[in-house]
Amino acid sequence: VLQAFGWLIGIPATLMNGFMILRNLAGLIKGENSSAVSLCIACLVTLIALGDFCVGLYLVCISVENVARREGFCKNEQDWKTSRSCEFYGVISTFGSELSVFAMTSLSVYRAFVMRRLDNAQRPKKKVPTATLR
C-alpha cells in the first residue's frame, strides 16, 4: 500500500507542479503580472510549486529505487545508505520541503501585511480636536 502511494502522489505532483512552474515562469517573462502584488504572489506560488515538484520527484525516485531493490535491500542496506543516489534524494527531499515551508511562510506574512494595509486604508480617519492660542 505504501509503495502505491509513492507512485500515486509522486507522479501527479511532479507533472502538475512542473506545469505550474513553466506556466508561471512564462507569465513572468511575458510580463502578465502588471502590479507589484500580483508579481509577488506569482513568485511565491512558483516557489511553492518548485518545492512540491522536488518532493514529488523524490517520491518517484524512491519508488523507482524500491522496485529496483525490492528483494535485496536488507542485504545491501549499507551500500544504499552510502550511495550517491541516496544522498541526492535526501538533498531533493530536504530542499523541496524547506522551500515549500519558506514560501508558504512568506506568503502568509505578505498576506497579513496586505490585509493590515487594506484594513488601515478602509478605516475612517478620526478627527482630533485641536485648540489654537490667540
# chains A, B, ... in the order shown; residues from 1 in each chain; ligands from 1
call {"tool": "residues_around", "arguments": {"residues": "Leu22 (chain A)", "least_positions_apart": "4", "cutoff": "12 Å", "atoms": "only C-alpha atoms", "output": "ChimeraX atom specification"}}
result
/A:15-18,26-29,42,45-47,49-50,53
call {"tool": "residues_around", "arguments": {"residues": "Gly90 (chain A)", "least_positions_apart": "2", "cutoff": "12 Å", "atoms": "only C-alpha atoms", "output": "list in words"}}
result
Cys54, Val55, Leu57, Tyr58, Leu59, Cys61, Ile62, Lys81, Thr82, Ser83, Arg84, Ser85, Cys86, Glu87, Phe88, Ile92, Ser93, Thr94, Phe95, Gly96 and Ser97 of chain A
call {"tool": "closest_residue", "arguments": {"among": "A:Cys43, A:Glu65, A:Leu25, A:Ser35", "to": "Gly6 (chain A)", "atoms": "only C-alpha atoms"}}
result
A:Glu65
call {"tool": "atom_distance", "arguments": {"atom1": "CA of Val37 (chain A)", "atom2": "CA of Arg116 (chain A)"}}
result
14.1 Å
call {"tool": "atom_distance", "arguments": {"atom1": "CA of Lys75 (chain A)", "atom2": "CA of Leu2 (chain A)"}}
result
21.1 Å
call {"tool": "residues_around", "arguments": {"residues": "Ala4 (chain A)", "least_positions_apart": "5", "cutoff": "12 Å", "atoms": "only C-alpha atoms", "output": "list in words"}}
result
Ile9, Gly10, Ile11, Leu59, Val60, Ile62, Ser63, Val64, Asn66 and Val67 of chain A
call {"tool": "atom_distance", "arguments": {"atom1": "CA of Ser106 (chain A)", "atom2": "CA of Ser38 (chain A)"}}
result
14.3 Å
call {"tool": "decode", "arguments": {"residues": "region 59-99 of chain A", "atoms": "N, CA and C atoms", "output": "mmCIF file, in the first residue's frame"}}
result
data_model
loop_
_atom_site.group_PDB
_atom_site.id
_atom_site.type_symbol
_atom_site.label_atom_id
_atom_site.label_comp_id
_atom_site.auth_asym_id
_atom_site.auth_seq_id
_atom_site.Cartn_x
_atom_site.Cartn_y
_atom_site.Cartn_z
ATOM 1 N N LEU A 59 9.625 11.377 -4.400
ATOM 2 C CA LEU A 59 8.744 10.209 -4.256
ATOM 3 C C LEU A 59 8.865 9.267 -5.448
ATOM 4 N N VAL A 60 8.938 9.826 -6.644
ATOM 5 C CA VAL A 60 9.088 8.988 -7.841
ATOM 6 C C VAL A 60 10.433 8.263 -7.810
ATOM 7 N N CYS A 61 11.493 8.967 -7.476
ATOM 8 C CA CYS A 61 12.826 8.351 -7.439
ATOM 9 C C CYS A 61 12.898 7.246 -6.390
ATOM 10 N N ILE A 62 12.327 7.479 -5.219
ATOM 11 C CA ILE A 62 12.325 6.456 -4.169
ATOM 12 C C ILE A 62 11.486 5.259 -4.604
ATOM 13 N N SER A 63 10.396 5.510 -5.311
ATOM 14 C CA SER A 63 9.571 4.407 -5.803
ATOM 15 C C SER A 63 10.327 3.577 -6.832
ATOM 16 N N VAL A 64 11.090 4.228 -7.699
ATOM 17 C CA VAL A 64 11.906 3.508 -8.682
ATOM 18 C C VAL A 64 12.964 2.671 -7.967
ATOM 19 N N GLU A 65 13.633 3.255 -6.976
ATOM 20 C CA GLU A 65 14.638 2.509 -6.213
ATOM 21 C C GLU A 65 14.011 1.336 -5.476
ATOM 22 N N ASN A 66 12.813 1.535 -4.981
ATOM 23 C CA ASN A 66 12.119 0.462 -4.278
ATOM 24 C C ASN A 66 11.850 -0.724 -5.199
ATOM 25 N N VAL A 67 11.445 -0.438 -6.423
ATOM 26 C CA VAL A 67 11.214 -1.513 -7.391
ATOM 27 C C VAL A 67 12.534 -2.193 -7.740
ATOM 28 N N ALA A 68 13.597 -1.411 -7.912
ATOM 29 C CA ALA A 68 14.890 -1.974 -8.298
ATOM 30 C C ALA A 68 15.519 -2.797 -7.183
ATOM 31 N N ARG A 69 15.304 -2.418 -5.941
ATOM 32 C CA ARG A 69 15.963 -3.083 -4.814
ATOM 33 C C ARG A 69 14.997 -3.903 -3.965
ATOM 34 N N ARG A 70 13.865 -4.231 -4.457
ATOM 35 C CA ARG A 70 12.809 -4.880 -3.684
ATOM 36 C C ARG A 70 13.296 -6.080 -2.876
ATOM 37 N N GLU A 71 13.927 -7.011 -3.516
ATOM 38 C CA GLU A 71 14.314 -8.251 -2.844
ATOM 39 C C GLU A 71 15.627 -8.141 -2.077
ATOM 40 N N GLY A 72 16.540 -7.292 -2.522
ATOM 41 C CA GLY A 72 17.871 -7.296 -1.939
ATOM 42 C C GLY A 72 18.205 -6.116 -1.062
ATOM 43 N N PHE A 73 17.211 -5.394 -0.570
ATOM 44 C CA PHE A 73 17.523 -4.196 0.205
ATOM 45 C C PHE A 73 18.234 -4.532 1.512
ATOM 46 N N CYS A 74 17.724 -5.508 2.233
ATOM 47 C CA CYS A 74 18.330 -5.842 3.532
ATOM 48 C C CYS A 74 19.783 -6.289 3.387
ATOM 49 N N LYS A 75 20.078 -6.981 2.309
ATOM 50 C CA LYS A 75 21.450 -7.441 2.084
ATOM 51 C C LYS A 75 22.374 -6.276 1.729
ATOM 52 N N ASN A 76 21.848 -5.286 1.046
ATOM 53 C CA ASN A 76 22.661 -4.164 0.553
ATOM 54 C C ASN A 76 22.292 -2.839 1.218
ATOM 55 N N GLU A 77 21.783 -2.899 2.425
ATOM 56 C CA GLU A 77 21.318 -1.686 3.100
ATOM 57 C C GLU A 77 22.421 -0.640 3.245
ATOM 58 N N GLN A 78 23.596 -1.051 3.664
ATOM 59 C CA GLN A 78 24.701 -0.109 3.864
ATOM 60 C C GLN A 78 25.170 0.486 2.538
ATOM 61 N N ASP A 79 25.155 -0.327 1.471
ATOM 62 C CA ASP A 79 25.514 0.201 0.149
ATOM 63 C C ASP A 79 24.539 1.294 -0.276
ATOM 64 N N TRP A 80 23.243 1.076 -0.003
ATOM 65 C CA TRP A 80 22.236 2.063 -0.370
ATOM 66 C C TRP A 80 22.429 3.355 0.430
ATOM 67 N N LYS A 81 22.633 3.233 1.720
ATOM 68 C CA LYS A 81 22.746 4.412 2.578
ATOM 69 C C LYS A 81 23.964 5.269 2.250
ATOM 70 N N THR A 82 25.002 4.669 1.697
ATOM 71 C CA THR A 82 26.213 5.420 1.366
ATOM 72 C C THR A 82 26.312 5.759 -0.122
ATOM 73 N N SER A 83 25.270 5.451 -0.877
ATOM 74 C CA SER A 83 25.314 5.694 -2.324
ATOM 75 C C SER A 83 25.055 7.164 -2.657
ATOM 76 N N ARG A 84 25.500 7.567 -3.836
ATOM 77 C CA ARG A 84 25.275 8.937 -4.326
ATOM 78 C C ARG A 84 23.791 9.205 -4.543
ATOM 79 N N SER A 85 23.062 8.197 -5.019
ATOM 80 C CA SER A 85 21.639 8.406 -5.276
ATOM 81 C C SER A 85 20.882 8.665 -3.973
ATOM 82 N N CYS A 86 21.231 7.971 -2.894
ATOM 83 C CA CYS A 86 20.587 8.214 -1.604
ATOM 84 C C CYS A 86 20.876 9.637 -1.128
ATOM 85 N N GLU A 87 22.104 10.073 -1.274
ATOM 86 C CA GLU A 87 22.466 11.444 -0.897
ATOM 87 C C GLU A 87 21.697 12.464 -1.734
ATOM 88 N N PHE A 88 21.625 12.221 -3.040
ATOM 89 C CA PHE A 88 20.926 13.133 -3.940
ATOM 90 C C PHE A 88 19.442 13.205 -3.602
ATOM 91 N N TYR A 89 18.826 12.056 -3.343
ATOM 92 C CA TYR A 89 17.401 12.042 -2.992
ATOM 93 C C TYR A 89 17.159 12.761 -1.671
ATOM 94 N N GLY A 90 18.098 12.635 -0.744
ATOM 95 C CA GLY A 90 17.980 13.357 0.519
ATOM 96 C C GLY A 90 18.051 14.863 0.322
ATOM 97 N N VAL A 91 18.932 15.304 -0.568
ATOM 98 C CA VAL A 91 19.039 16.737 -0.870
ATOM 99 C C VAL A 91 17.756 17.238 -1.516
ATOM 100 N N ILE A 92 17.232 16.485 -2.482
ATOM 101 C CA ILE A 92 15.981 16.884 -3.150
ATOM 102 C C ILE A 92 14.843 16.986 -2.143
ATOM 103 N N SER A 93 14.723 15.987 -1.291
ATOM 104 C CA SER A 93 13.651 15.971 -0.301
ATOM 105 C C SER A 93 13.758 17.143 0.668
ATOM 106 N N THR A 94 14.943 17.358 1.205
ATOM 107 C CA THR A 94 15.141 18.434 2.176
ATOM 108 C C THR A 94 14.948 19.800 1.528
ATOM 109 N N PHE A 95 15.542 20.000 0.351
ATOM 110 C CA PHE A 95 15.403 21.280 -0.353
ATOM 111 C C PHE A 95 13.940 21.566 -0.673
ATOM 112 N N GLY A 96 13.226 20.573 -1.198
ATOM 113 C CA GLY A 96 11.828 20.768 -1.543
ATOM 114 C C GLY A 96 10.970 21.105 -0.337
ATOM 115 N N SER A 97 11.174 20.393 0.756
ATOM 116 C CA SER A 97 10.388 20.646 1.970
ATOM 117 C C SER A 97 10.690 22.031 2.539
ATOM 118 N N GLU A 98 11.953 22.376 2.630
ATOM 119 C CA GLU A 98 12.332 23.677 3.180
ATOM 120 C C GLU A 98 11.854 24.825 2.298
ATOM 121 N N LEU A 99 11.939 24.653 0.986
ATOM 122 C CA LEU A 99 11.478 25.697 0.070
ATOM 123 C C LEU A 99 9.972 25.903 0.182
#
